[in-house]
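The structure appears right after this line, and notes come after that.
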Number of protein chains: 2
Amino acid sequence: MAFNHKSAIGNRKSEMDLVLLSHGGGGRRTQQLIRDLILEHLGNPILDRLDDGACLDVPERDLVFTTDSYVVSPIFFPGGDIGKLAVCGTINDLAMQGAAPRYLSLALILEEGMALTDLERVIQSVARMVRETGVMVVTGDTKVVERGKGNGVFINTAGIGIRYPGVDTHVANARSGDAVILTGTMGDHGVAVMSRREGLNLETDVVSDVAPLWGMIEPLLREIPGIHSLRDPTRGGVAAALGDMATAAKVGIRIHERALPIRPGVQGACKLLGLDVLNVANEGKALVICAQAQADRALRILRAHPLGRKAAVIGTVTAETAGMVLLETAFGGERIVEVPLGEDLPRIC
Amino acid sequence: MAFNHKSAIGNRKSEMDLVLLSHGGGGRRTQQLIRDLILEHLGNPILDRLDDGACLDVPERDLVFTTDSYVVSPIFFPGGDIGKLAVCGTINDLAMQGAAPRYLSLALILEEGMALTDLERVIQSVARMVRETGVMVVTGDTKVVERGKGNGVFINTAGIGIRYPGVDTHVANARSGDAVILTGTMGDHGVAVMSRREGLNLETDVVSDVAPLWGMIEPLLREIPGIHSLRDPTRGGVAAALGDMATAAKVGIRIHERALPIRPGVQGACKLLGLDVLNVANEGKALVICAQAQADRALRILRAHPLGRKAAVIGTVTAETAGMVLLETAFGGERIVEVPLGEDLPRIC
């Protein structure tokens with residue numbers, strides 16, 4: 001690798017080990033970065049052409065198109081990093097629309113002075129997820145901003161997926177009487193990232209749940225026709241995702257505190273930080289809304305996948321209290337689950 | 001508009017006029033921003049669904065997929081702004097692949113403290129270009145980073161286009177003997193942006209050429225089958241684009257200084273700044289490589305479009321000096337056109 005230079009000046013990094021403004025200038029140094037780092041790890045016949053756009057031969061008609069930027073801080077956290085997050089996040093957005101993830105774009109905004117070895121770790125992580133999931137990175141872009149105008153690396157991935165025939169998992173499809181399933185424990189990603197925030201010194205062994213969900217979702221869609229709604233409870237957590245679903249479908253959602261899968265470490269950390277775990281981000285979980293009669297079968301299918309072993313029915317959809325999410329507490333009480341204003345957990349993804 | 005609050009404290013902006021971290025938190029404030037700003041200006045039946053991915057019904061098979069992030073500084077410049085640039089840049093990348101631009105994603109990375117009125121100007125500019133070109137913004141994302149970790153707004157747009165039947169304008173298709181056409185004057189965008197850089201105080205009336213090129217390129221592809229190669233000389237300028245083409249096609253490219261269309265204001269500014277105009281970015285120009293026999297017809301078609309009135313044959317493709325671009329100077333000399341390392345013009349797009 002061209003970036004494994006050893007510095008001649010002891011521990012001080014040499015200029016060649018850092019991202020330079022010229023890496024984003026579109027000249028030879030940009031070409032070198034793309035060749036030595038991006039193509040080295042992510043090369044494939046489409047990307048290797050280095051055209052400004054990727055030409056795709058898509059056999060089916062129904063496509064899903066999605067995008068997300070990732071600004072997570074810190075970029076390395078227990079269980080993952082911004083590269084893994086960027087691939088998984090976009091795969092999961094496609095999966096939630098019932099689409100097999102196929103093609104990704106990868107756009108980097110680098111901060112001048114970032115260590116190239118860190119960048120390489122991130123790209124290697126992208127490459128690992130790409131290999132594991134079979135998606136292809138087919139087009140990309142690299143920009144560099146001055147020191148103090150960025151934060152190491154921001155990543156944008158857009159994705160194209162092929163929609164599973166006959167599937168419509170739109171956020172507004174929940175119907176009164178439906179079951180609400182969560183495919184695993186809540187809040188792992190948010191707590192793992194927070195635990196590495198400067199000044200927080202949160203001691204915990206919680207690792208992020210960041211994972212690509214298509215492998216778990218695909219059998220569900222194949223075996224149970226007519227799943228009503230899918231959503232991954234990322235930023236804003238289960239509360240925000242259920243709130244979106246309740247609002248869009250004009251239904252109420254009632255969840256049961258006792259049924260919510262939570263790791264003790266996450267519970268403890270949330271208590272310490274004063275966070276409601278319902279608001280904490282997940283990056284490897286899905287909310288599944290389906291007809292009550294299909295719930296048991298859905299649970300069996302989900303639990304058969306390593307990422308869904310702790311799947312549980314956490315609630316039901318109701319005709320009353322449209323647009324609201326209600327929590328039945330462990331003590332038999334009831335409270336409204338509020339969608340937070342948004343201040344609690346900045347830069348969690 | 002929800003963002004036209006008048007501040008109660010004279011000229012000081014109230015908190016409600018600025019981007020807050022909570023605008024990126026995925027809670028109610030994020031929802032409000034999306035509803036009041038994004039959907040207000042960019043709403044359409046696909047985007048309005050607010051799913052995490054857009055479901056598209058694409059009738060043809062051959063798609064082109066592209067992405068670019070925009071980090072231009074300053075975000076407002078003579079002739080355009082980062083919003084117009086983001087739409088045009090992605091449309092042009094699709095056009096250079098011979099694809100009719102159809103769907104865009106729009107991902108914003110906002111810096112805490114950005115004036116919402118500035119953000120609204122940017123979004124209005126996106127909306128104007130979308131209306132003008134008929135593309136649809138179908139999916140998007142909004143993140144916010146802390147003050148001093150970004151720079152107002154960075155934008156990523158990814159795009160999907162439908163490839164024109166039978167067209168292959170790959171960067172490697174230039175053949176010895178081909179004509180090299182540039183569709184207008186060089187360097188306007190780079191000089192316009194530089195002229196507004198702090199500390200530079202460059203007095204010039206040059207405005208950016210940022211423009212969507214599909215309207216000019218489509219008739220060319222329709223009327224002249226077999227155009228060999230298209231490239232927009234953005235970052236790195238005409239030198240970098242021709243260098244890419246020469247390298248990829250393993251040919252030489254010889255251009256003639258006298259034939260290069262340059263505005264006097266651009267020429268003067270480049271002299272003052274010590275820049276080679278061949279390295280300065282364009283955002284509304286294309287390099288067209290076609291068989292010599294088709295060059296006159298191509299010129300007529302290009303010149304019939306308002307964006308191509310100054311189109312000119314600037315050179316030829318040669319079998320010798322493969323991978324190199326040579327300039328015949330106005331005085332009959334000859335020099336190698338170097339692809340710069342990349343330091344000259346950071347954050348030009």
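Just so we're on the same page: first chain in the structure tokens is A, next is B, and so on; residues restart at 1 for each chain, and ligands are numbered from 1 in the order they show up.
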Could you list, as a ChimeraX atom specification, the residues of chain B having an atom within 6 Å of chain A when counting only C-alpha atoms? /B:22,25-29,52-58,61-68,93,139-141,149-151,235-236,339-343,346
Find the spatial neighbours of Asp81 of chain A, counting only C-alpha atoms, within a cut-off of 10 Å - ignore same-chain residues fewer than 5 positions away - and output them as a PDB file with all heavy atoms, in the first residue's frame.
ATOM      1  N   VAL A  72     -20.857  10.222  12.093  1.00  0.00           N
ATOM      2  CA  VAL A  72     -20.718   9.695  13.450  1.00  0.00           C
ATOM      3  C   VAL A  72     -19.394  10.130  14.083  1.00  0.00           C
ATOM      4  O   VAL A  72     -18.366  10.219  13.403  1.00  0.00           O
ATOM      5  CB  VAL A  72     -20.845   8.146  13.453  1.00  0.00           C
ATOM      6  CG1 VAL A  72     -19.713   7.493  12.709  1.00  0.00           C
ATOM      7  CG2 VAL A  72     -20.952   7.595  14.880  1.00  0.00           C
ATOM      8  N   SER A  73     -19.434  10.415  15.368  1.00  0.00           N
ATOM      9  CA  SER A  73     -18.249  10.831  16.104  1.00  0.00           C
ATOM     10  C   SER A  73     -18.212  10.100  17.440  1.00  0.00           C
ATOM     11  O   SER A  73     -19.188  10.144  18.182  1.00  0.00           O
ATOM     12  CB  SER A  73     -18.285  12.343  16.332  1.00  0.00           C
ATOM     13  OG  SER A  73     -17.253  12.731  17.204  1.00  0.00           O
ATOM     14  N   PRO A  74     -17.129   9.382  17.736  1.00  0.00           N
ATOM     15  CA  PRO A  74     -15.910   9.191  16.938  1.00  0.00           C
ATOM     16  C   PRO A  74     -16.141   8.233  15.758  1.00  0.00           C
ATOM     17  O   PRO A  74     -17.120   7.490  15.765  1.00  0.00           O
ATOM     18  CB  PRO A  74     -14.951   8.556  17.951  1.00  0.00           C
ATOM     19  CG  PRO A  74     -15.834   7.812  18.903  1.00  0.00           C
ATOM     20  CD  PRO A  74     -17.083   8.630  19.014  1.00  0.00           C
ATOM     21  N   ILE A  75     -15.219   8.252  14.787  1.00  0.00           N
ATOM     22  CA  ILE A  75     -15.438   7.424  13.597  1.00  0.00           C
ATOM     23  C   ILE A  75     -15.151   5.948  13.864  1.00  0.00           C
ATOM     24  O   ILE A  75     -15.626   5.100  13.125  1.00  0.00           O
ATOM     25  CB  ILE A  75     -14.613   7.923  12.387  1.00  0.00           C
ATOM     26  CG1 ILE A  75     -13.109   7.909  12.653  1.00  0.00           C
ATOM     27  CG2 ILE A  75     -15.060   9.312  11.958  1.00  0.00           C
ATOM     28  CD1 ILE A  75     -12.276   8.227  11.406  1.00  0.00           C
ATOM     29  N   PHE A  76     -14.380   5.638  14.898  1.00  0.00           N
ATOM     30  CA  PHE A  76     -14.201   4.243  15.321  1.00  0.00           C
ATOM     31  C   PHE A  76     -14.887   4.069  16.672  1.00  0.00           C
ATOM     32  O   PHE A  76     -14.686   4.875  17.579  1.00  0.00           O
ATOM     33  CB  PHE A  76     -12.714   3.895  15.458  1.00  0.00           C
ATOM     34  CG  PHE A  76     -11.943   4.068  14.170  1.00  0.00           C
ATOM     35  CD1 PHE A  76     -11.121   5.168  13.972  1.00  0.00           C
ATOM     36  CD2 PHE A  76     -12.054   3.132  13.153  1.00  0.00           C
ATOM     37  CE1 PHE A  76     -10.422   5.332  12.779  1.00  0.00           C
ATOM     38  CE2 PHE A  76     -11.358   3.280  11.955  1.00  0.00           C
ATOM     39  CZ  PHE A  76     -10.536   4.390  11.768  1.00  0.00           C
ATOM     40  N   ALA A  86     -21.736   3.120   7.130  1.00  0.00           N
ATOM     41  CA  ALA A  86     -22.212   3.702   5.873  1.00  0.00           C
ATOM     42  C   ALA A  86     -22.741   2.625   4.928  1.00  0.00           C
ATOM     43  O   ALA A  86     -23.740   2.830   4.242  1.00  0.00           O
ATOM     44  CB  ALA A  86     -21.094   4.502   5.199  1.00  0.00           C
ATOM     45  N   ARG A 121      -8.215   2.172   7.180  1.00  0.00           N
ATOM     46  CA  ARG A 121      -9.026   1.280   8.039  1.00  0.00           C
ATOM     47  C   ARG A 121     -10.508   1.390   7.692  1.00  0.00           C
ATOM     48  O   ARG A 121     -11.226   0.387   7.645  1.00  0.00           O
ATOM     49  CB  ARG A 121      -8.860   1.652   9.517  1.00  0.00           C
ATOM     50  CG  ARG A 121      -7.675   1.011  10.200  1.00  0.00           C
ATOM     51  CD  ARG A 121      -7.557   1.502  11.645  1.00  0.00           C
ATOM     52  NE  ARG A 121      -8.609   0.998  12.519  1.00  0.00           N
ATOM     53  CZ  ARG A 121      -8.857   1.481  13.749  1.00  0.00           C
ATOM     54  NH1 ARG A 121      -8.128   2.486  14.226  1.00  0.00           N
ATOM     55  NH2 ARG A 121      -9.814   0.969  14.490  1.00  0.00           N
ATOM     56  N   VAL A 122     -10.948   2.632   7.451  1.00  0.00           N
ATOM     57  CA  VAL A 122     -12.362   2.850   7.122  1.00  0.00           C
ATOM     58  C   VAL A 122     -12.707   2.190   5.783  1.00  0.00           C
ATOM     59  O   VAL A 122     -13.724   1.508   5.652  1.00  0.00           O
ATOM     60  CB  VAL A 122     -12.680   4.369   7.087  1.00  0.00           C
ATOM     61  CG1 VAL A 122     -14.060   4.635   6.501  1.00  0.00           C
ATOM     62  CG2 VAL A 122     -12.564   4.962   8.491  1.00  0.00           C
ATOM     63  N   SER A 125     -12.905  -1.467   6.014  1.00  0.00           N
ATOM     64  CA  SER A 125     -14.151  -1.856   6.651  1.00  0.00           C
ATOM     65  C   SER A 125     -15.300  -1.832   5.633  1.00  0.00           C
ATOM     66  O   SER A 125     -16.148  -2.734   5.603  1.00  0.00           O
ATOM     67  CB  SER A 125     -14.393  -0.896   7.816  1.00  0.00           C
ATOM     68  OG  SER A 125     -15.599  -1.135   8.425  1.00  0.00           O
ATOM     69  N   VAL A 126     -15.302  -0.802   4.786  1.00  0.00           N
ATOM     70  CA  VAL A 126     -16.273  -0.757   3.686  1.00  0.00           C
ATOM     71  C   VAL A 126     -16.111  -2.006   2.815  1.00  0.00           C
ATOM     72  O   VAL A 126     -17.091  -2.688   2.483  1.00  0.00           O
ATOM     73  CB  VAL A 126     -16.077   0.513   2.827  1.00  0.00           C
ATOM     74  CG1 VAL A 126     -16.871   0.431   1.521  1.00  0.00           C
ATOM     75  CG2 VAL A 126     -16.461   1.755   3.613  1.00  0.00           C
ATOM     76  N   VAL A 193     -21.462   4.146  20.824  1.00  0.00           N
ATOM     77  CA  VAL A 193     -20.830   5.373  20.316  1.00  0.00           C
ATOM     78  C   VAL A 193     -20.633   6.374  21.450  1.00  0.00           C
ATOM     79  O   VAL A 193     -19.560   6.955  21.603  1.00  0.00           O
ATOM     80  CB  VAL A 193     -21.655   5.997  19.170  1.00  0.00           C
ATOM     81  CG1 VAL A 193     -21.105   7.361  18.778  1.00  0.00           C
ATOM     82  CG2 VAL A 193     -21.661   5.061  17.960  1.00  0.00           C
ATOM     83  N   SER A 208     -21.698  -1.764  19.355  1.00  0.00           N
ATOM     84  CA  SER A 208     -22.724  -1.381  18.387  1.00  0.00           C
ATOM     85  C   SER A 208     -23.317  -2.614  17.721  1.00  0.00           C
ATOM     86  O   SER A 208     -22.631  -3.603  17.480  1.00  0.00           O
ATOM     87  CB  SER A 208     -22.120  -0.476  17.318  1.00  0.00           C
ATOM     88  OG  SER A 208     -23.037  -0.308  16.255  1.00  0.00           O
ATOM     89  N   VAL A 210     -24.375  -2.498  14.709  1.00  0.00           N
ATOM     90  CA  VAL A 210     -24.346  -2.206  13.269  1.00  0.00           C
ATOM     91  C   VAL A 210     -24.154  -3.491  12.444  1.00  0.00           C
ATOM     92  O   VAL A 210     -23.201  -4.238  12.642  1.00  0.00           O
ATOM     93  CB  VAL A 210     -23.273  -1.132  12.942  1.00  0.00           C
ATOM     94  CG1 VAL A 210     -21.884  -1.541  13.400  1.00  0.00           C
ATOM     95  CG2 VAL A 210     -23.255  -0.806  11.447  1.00  0.00           C
ATOM     96  N   CYS A 349     -24.892   8.793  13.993  1.00  0.00           N
ATOM     97  CA  CYS A 349     -24.759   8.001  12.769  1.00  0.00           C
ATOM     98  C   CYS A 349     -24.285   8.890  11.632  1.00  0.00           C
ATOM     99  O   CYS A 349     -23.824   9.985  11.867  1.00  0.00           O
ATOM    100  CB  CYS A 349     -26.059   7.292  12.397  1.00  0.00           C
ATOM    101  SG  CYS A 349     -27.441   8.376  12.116  1.00  0.00           S
TER     102      CYS A 349
END
What is the atom CA of Asp209 of chain B-atom CA of Asp188 of chain B distance in Å, reported with one decimal? 5.8 Å
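Near Gln292 of chain B, within 7 Å and counting only C-alpha atoms, sit Gly177, Asp178, Ala179 and Ala295 of chain B; same-chain residues fewer than 3 positions away were not included.
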Can you spit out the residues from that selection as a PDB file, in the first residue's frame, using N, CA and C atoms?
ATOM      1  N   GLY B 177      -6.924  10.516 -34.654  1.00  0.00           N
ATOM      2  CA  GLY B 177      -7.575  11.224 -35.744  1.00  0.00           C
ATOM      3  C   GLY B 177      -8.847  11.948 -35.328  1.00  0.00           C
ATOM      4  N   ASP B 178      -9.399  11.608 -34.162  1.00  0.00           N
ATOM      5  CA  ASP B 178     -10.641  12.243 -33.693  1.00  0.00           C
ATOM      6  C   ASP B 178     -10.460  13.751 -33.463  1.00  0.00           C
ATOM      7  N   ALA B 179     -11.573  14.460 -33.534  1.00  0.00           N
ATOM      8  CA  ALA B 179     -11.584  15.883 -33.179  1.00  0.00           C
ATOM      9  C   ALA B 179     -11.922  16.041 -31.700  1.00  0.00           C
ATOM     10  N   ALA B 295     -17.185  16.350 -36.965  1.00  0.00           N
ATOM     11  CA  ALA B 295     -16.900  17.516 -36.118  1.00  0.00           C
ATOM     12  C   ALA B 295     -17.723  18.745 -36.520  1.00  0.00           C
TER      13      ALA B 295
END
Select from segment 115-259 of chain B everything DSSP, run on the backbone, classes as alpha helix (DSSP H), then give the selection as number ranges by chain. B: 116-133, 188-194, 214-223, 237-249
Spatial neighbours of Val191 of chain B, max dist 7 Å, only C-alpha atoms, sep filter under 2 positions, as a PyMOL selection string: chain B and resi 187-189+193-195+206+266+269
I want to know what sits within 10 Å of Glu40 of chain B, based on only C-alpha atoms, with residues of the same chain fewer than 4 positions away left out; could you give that as an mmCIF file with N, CA and C atoms, in the first residue's frame?
data_model
loop_
_atom_site.group_PDB
_atom_site.id
_atom_site.type_symbol
_atom_site.label_atom_id
_atom_site.label_comp_id
_atom_site.auth_asym_id
_atom_site.auth_seq_id
_atom_site.Cartn_x
_atom_site.Cartn_y
_atom_site.Cartn_z
ATOM 1 N N MET B 1 -43.536 30.637 5.156
ATOM 2 C CA MET B 1 -42.399 29.791 5.536
ATOM 3 C C MET B 1 -42.110 29.873 7.027
ATOM 4 N N LEU B 33 -37.840 20.535 9.940
ATOM 5 C CA LEU B 33 -36.957 21.054 8.895
ATOM 6 C C LEU B 33 -37.304 20.421 7.549
ATOM 7 N N ILE B 34 -37.517 19.116 7.571
ATOM 8 C CA ILE B 34 -37.821 18.407 6.328
ATOM 9 C C ILE B 34 -39.149 18.885 5.754
ATOM 10 N N ARG B 35 -40.118 19.041 6.639
ATOM 11 C CA ARG B 35 -41.453 19.436 6.181
ATOM 12 C C ARG B 35 -41.452 20.881 5.684
ATOM 13 N N ASP B 36 -40.906 21.783 6.492
ATOM 14 C CA ASP B 36 -41.040 23.208 6.194
ATOM 15 C C ASP B 36 -40.075 23.678 5.116
ATOM 16 N N ASN B 44 -42.727 16.126 -4.038
ATOM 17 C CA ASN B 44 -43.319 15.445 -5.188
ATOM 18 C C ASN B 44 -43.864 14.125 -4.653
ATOM 19 N N ASP B 48 -42.606 12.873 -1.037
ATOM 20 C CA ASP B 48 -43.581 13.146 0.021
ATOM 21 C C ASP B 48 -43.882 11.920 0.887
ATOM 22 N N ILE B 123 -31.813 25.762 -0.895
ATOM 23 C CA ILE B 123 -32.865 24.805 -1.276
ATOM 24 C C ILE B 123 -33.723 25.382 -2.403
ATOM 25 N N GLN B 124 -34.003 26.673 -2.341
ATOM 26 C CA GLN B 124 -34.761 27.308 -3.428
ATOM 27 C C GLN B 124 -34.016 27.187 -4.748
ATOM 28 N N ALA B 127 -34.460 23.800 -5.966
ATOM 29 C CA ALA B 127 -35.823 23.663 -6.500
ATOM 30 C C ALA B 127 -35.930 24.264 -7.898
#
By how many Å are atom CA of Glu120 of chain B and atom CA of Val207 of chain B apart? 21.9 Å
Using only C-alpha atoms, which protein or nucleic acid residues come within 12 Å of Gly268 of chain B? Drop anything in the same chain fewer than 2 positions from it, and give the result as an mmCIF file with N, CA, C and O atoms, in the first residue's frame.
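Below you can see selection_17.cif, which holds the result:
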data_model
loop_
_atom_site.group_PDB
_atom_site.id
_atom_site.type_symbol
_atom_site.label_atom_id
_atom_site.label_comp_id
_atom_site.auth_asym_id
_atom_site.auth_seq_id
_atom_site.Cartn_x
_atom_site.Cartn_y
_atom_site.Cartn_z
ATOM 1 N N GLY B 187 -12.725 28.037 -17.635
ATOM 2 C CA GLY B 187 -12.274 28.610 -16.369
ATOM 3 C C GLY B 187 -13.240 29.548 -15.671
ATOM 4 O O GLY B 187 -12.938 30.053 -14.589
ATOM 5 N N ASP B 188 -14.422 29.763 -16.259
ATOM 6 C CA ASP B 188 -15.351 30.743 -15.677
ATOM 7 C C ASP B 188 -15.743 30.382 -14.241
ATOM 8 O O ASP B 188 -15.783 31.251 -13.360
ATOM 9 N N VAL B 191 -12.764 30.841 -11.596
ATOM 10 C CA VAL B 191 -12.435 32.247 -11.348
ATOM 11 C C VAL B 191 -13.559 32.940 -10.577
ATOM 12 O O VAL B 191 -13.304 33.717 -9.646
ATOM 13 N N SER B 195 -12.938 34.549 -6.940
ATOM 14 C CA SER B 195 -13.083 36.003 -6.802
ATOM 15 C C SER B 195 -13.818 36.360 -5.511
ATOM 16 O O SER B 195 -13.754 37.499 -5.056
ATOM 17 N N LEU B 202 -10.447 39.754 -5.509
ATOM 18 C CA LEU B 202 -10.235 39.762 -6.943
ATOM 19 C C LEU B 202 -11.397 40.506 -7.578
ATOM 20 O O LEU B 202 -12.543 40.077 -7.475
ATOM 21 N N GLU B 203 -11.118 41.621 -8.205
ATOM 22 C CA GLU B 203 -12.217 42.350 -8.850
ATOM 23 C C GLU B 203 -12.390 41.858 -10.271
ATOM 24 O O GLU B 203 -11.510 42.007 -11.112
ATOM 25 N N THR B 204 -13.525 41.268 -10.526
ATOM 26 C CA THR B 204 -13.783 40.728 -11.857
ATOM 27 C C THR B 204 -15.288 40.620 -12.037
ATOM 28 O O THR B 204 -16.036 40.531 -11.069
ATOM 29 N N ASP B 205 -15.738 40.668 -13.276
ATOM 30 C CA ASP B 205 -17.170 40.485 -13.515
ATOM 31 C C ASP B 205 -17.462 39.079 -14.039
ATOM 32 O O ASP B 205 -18.522 38.815 -14.596
ATOM 33 N N VAL B 206 -16.508 38.167 -13.846
ATOM 34 C CA VAL B 206 -16.699 36.790 -14.313
ATOM 35 C C VAL B 206 -17.758 36.103 -13.451
ATOM 36 O O VAL B 206 -17.719 36.199 -12.229
ATOM 37 N N ILE B 262 -11.520 31.588 -24.287
ATOM 38 C CA ILE B 262 -11.305 32.113 -22.929
ATOM 39 C C ILE B 262 -11.813 33.546 -22.872
ATOM 40 O O ILE B 262 -11.507 34.349 -23.764
ATOM 41 N N ARG B 263 -12.559 33.867 -21.830
ATOM 42 C CA ARG B 263 -12.985 35.255 -21.629
ATOM 43 C C ARG B 263 -11.793 36.081 -21.167
ATOM 44 O O ARG B 263 -10.990 35.604 -20.353
ATOM 45 N N PRO B 264 -11.718 37.349 -21.618
ATOM 46 C CA PRO B 264 -10.604 38.205 -21.173
ATOM 47 C C PRO B 264 -10.540 38.308 -19.644
ATOM 48 O O PRO B 264 -9.452 38.277 -19.063
ATOM 49 N N GLY B 265 -11.691 38.400 -18.980
ATOM 50 C CA GLY B 265 -11.712 38.521 -17.513
ATOM 51 C C GLY B 265 -11.095 37.298 -16.845
ATOM 52 O O GLY B 265 -10.415 37.406 -15.817
ATOM 53 N N VAL B 266 -11.339 36.130 -17.425
ATOM 54 C CA VAL B 266 -10.781 34.897 -16.874
ATOM 55 C C VAL B 266 -9.274 34.867 -17.117
ATOM 56 O O VAL B 266 -8.487 34.525 -16.228
ATOM 57 N N CYS B 270 -6.526 34.783 -14.111
ATOM 58 C CA CYS B 270 -5.585 33.670 -14.005
ATOM 59 C C CYS B 270 -4.147 34.182 -13.994
ATOM 60 O O CYS B 270 -3.296 33.669 -13.257
ATOM 61 N N LYS B 271 -3.883 35.198 -14.807
ATOM 62 C CA LYS B 271 -2.549 35.793 -14.836
ATOM 63 C C LYS B 271 -2.210 36.341 -13.448
ATOM 64 O O LYS B 271 -1.156 36.074 -12.878
ATOM 65 N N LEU B 272 -3.180 37.079 -12.876
ATOM 66 C CA LEU B 272 -3.007 37.700 -11.570
ATOM 67 C C LEU B 272 -2.760 36.658 -10.483
ATOM 68 O O LEU B 272 -1.946 36.855 -9.583
ATOM 69 N N LEU B 273 -3.466 35.543 -10.556
ATOM 70 C CA LEU B 273 -3.387 34.519 -9.510
ATOM 71 C C LEU B 273 -2.303 33.490 -9.788
ATOM 72 O O LEU B 273 -2.065 32.582 -8.989
ATOM 73 N N GLY B 274 -1.657 33.610 -10.948
ATOM 74 C CA GLY B 274 -0.629 32.631 -11.286
ATOM 75 C C GLY B 274 -1.185 31.254 -11.601
ATOM 76 O O GLY B 274 -0.556 30.235 -11.332
ATOM 77 N N LEU B 275 -2.390 31.223 -12.161
ATOM 78 C CA LEU B 275 -3.014 29.938 -12.488
ATOM 79 C C LEU B 275 -2.979 29.691 -13.992
ATOM 80 O O LEU B 275 -3.103 30.617 -14.783
ATOM 81 N N ASP B 276 -2.829 28.435 -14.373
ATOM 82 C CA ASP B 276 -2.992 28.045 -15.762
ATOM 83 C C ASP B 276 -4.475 27.798 -15.979
ATOM 84 O O ASP B 276 -5.072 26.936 -15.319
ATOM 85 N N VAL B 277 -5.094 28.539 -16.870
ATOM 86 C CA VAL B 277 -6.549 28.437 -17.075
ATOM 87 C C VAL B 277 -6.961 27.018 -17.472
ATOM 88 O O VAL B 277 -8.100 26.601 -17.241
#
Go through segment 62-221 of chain B and collect every residue that DSSP, computed from the backbone, puts in strand (DSSP E or B); the answer should be as a PyMOL selection string. chain B and resi 62-70+76-77+80-81+99-111+115+136-145+153-163+179-182
Please produce a file of those selected residues containing C-alpha atoms, as a compact mmCIF listing (two decimals), in the first residue's frame.
# COMPACT_ATOMS: atom_id res chain seq x y z
CA ASP B 62 -29.64 0.71 -18.98
CA LEU B 63 -29.17 2.94 -16.00
CA VAL B 64 -26.39 5.30 -15.07
CA PHE B 65 -25.69 5.95 -11.37
CA THR B 66 -23.43 8.72 -10.14
CA THR B 67 -22.59 10.68 -7.00
CA ASP B 68 -20.75 13.85 -6.03
CA SER B 69 -20.31 15.79 -2.83
CA TYR B 70 -20.12 19.57 -2.99
CA PHE B 76 -22.80 31.68 -2.75
CA PHE B 77 -20.75 32.91 -5.70
CA GLY B 80 -24.69 30.35 -8.65
CA ASP B 81 -24.49 28.66 -5.31
CA ALA B 99 -27.90 9.36 -19.84
CA ALA B 100 -31.05 11.43 -19.49
CA PRO B 101 -31.06 12.61 -15.87
CA ARG B 102 -34.14 11.34 -14.07
CA TYR B 103 -33.86 10.97 -10.27
CA LEU B 104 -31.70 12.74 -7.68
CA SER B 105 -30.99 12.19 -4.03
CA LEU B 106 -30.16 15.20 -1.86
CA ALA B 107 -28.14 14.77 1.34
CA LEU B 108 -27.25 17.78 3.47
CA ILE B 109 -24.51 18.00 6.10
CA LEU B 110 -25.29 21.23 7.94
CA GLU B 111 -23.10 23.07 10.40
CA ALA B 115 -28.48 30.79 9.05
CA MET B 136 -36.98 14.71 -9.46
CA VAL B 137 -35.43 14.76 -6.00
CA VAL B 138 -36.84 11.48 -4.68
CA THR B 139 -34.90 10.77 -1.49
CA GLY B 140 -32.70 12.67 0.93
CA ASP B 141 -31.01 12.97 4.28
CA THR B 142 -30.11 15.73 6.74
CA LYS B 143 -27.31 15.63 9.27
CA VAL B 144 -26.00 18.40 11.51
CA VAL B 145 -22.46 18.67 12.89
CA VAL B 153 -23.49 23.23 4.26
CA PHE B 154 -22.01 20.33 2.34
CA ILE B 155 -24.30 18.69 -0.19
CA ASN B 156 -24.19 15.25 -1.72
CA THR B 157 -26.33 14.47 -4.71
CA ALA B 158 -26.48 11.04 -6.28
CA GLY B 159 -28.29 10.63 -9.58
CA ILE B 160 -29.93 7.98 -11.72
CA GLY B 161 -30.26 8.47 -15.45
CA ILE B 162 -31.59 6.43 -18.36
CA ARG B 163 -28.94 5.77 -20.92
CA ALA B 179 -11.58 15.88 -33.18
CA VAL B 180 -11.60 17.39 -29.69
CA ILE B 181 -14.39 19.92 -29.12
CA LEU B 182 -14.85 22.19 -26.11
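Around Ala291 of chain B, within 12 Å and counting only C-alpha atoms, the residues found are Asn173, Ala174, Arg175, Ser176, Gly177, Asp178, Ala179, Val180, Ile181, Ile224, Pro225, Gly226, Ile227, His228, Ser229, Val288, Gln294, Ala295, Asp296, Arg297, Ala298, Val313, Thr316 and Val317 of chain B, once anything fewer than 3 positions away on its own chain is removed.
Taking atom CA of Glu320 of chain A and atom CA of Ala249 of chain A as endpoints, the distance between them is 12.1 Å.
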Smallest atom-to-atom distance to Glu334 of chain B: which of B:Arg254, B:Arg300, B:Arg131, B:His41, using only C-alpha atoms? B:Arg254
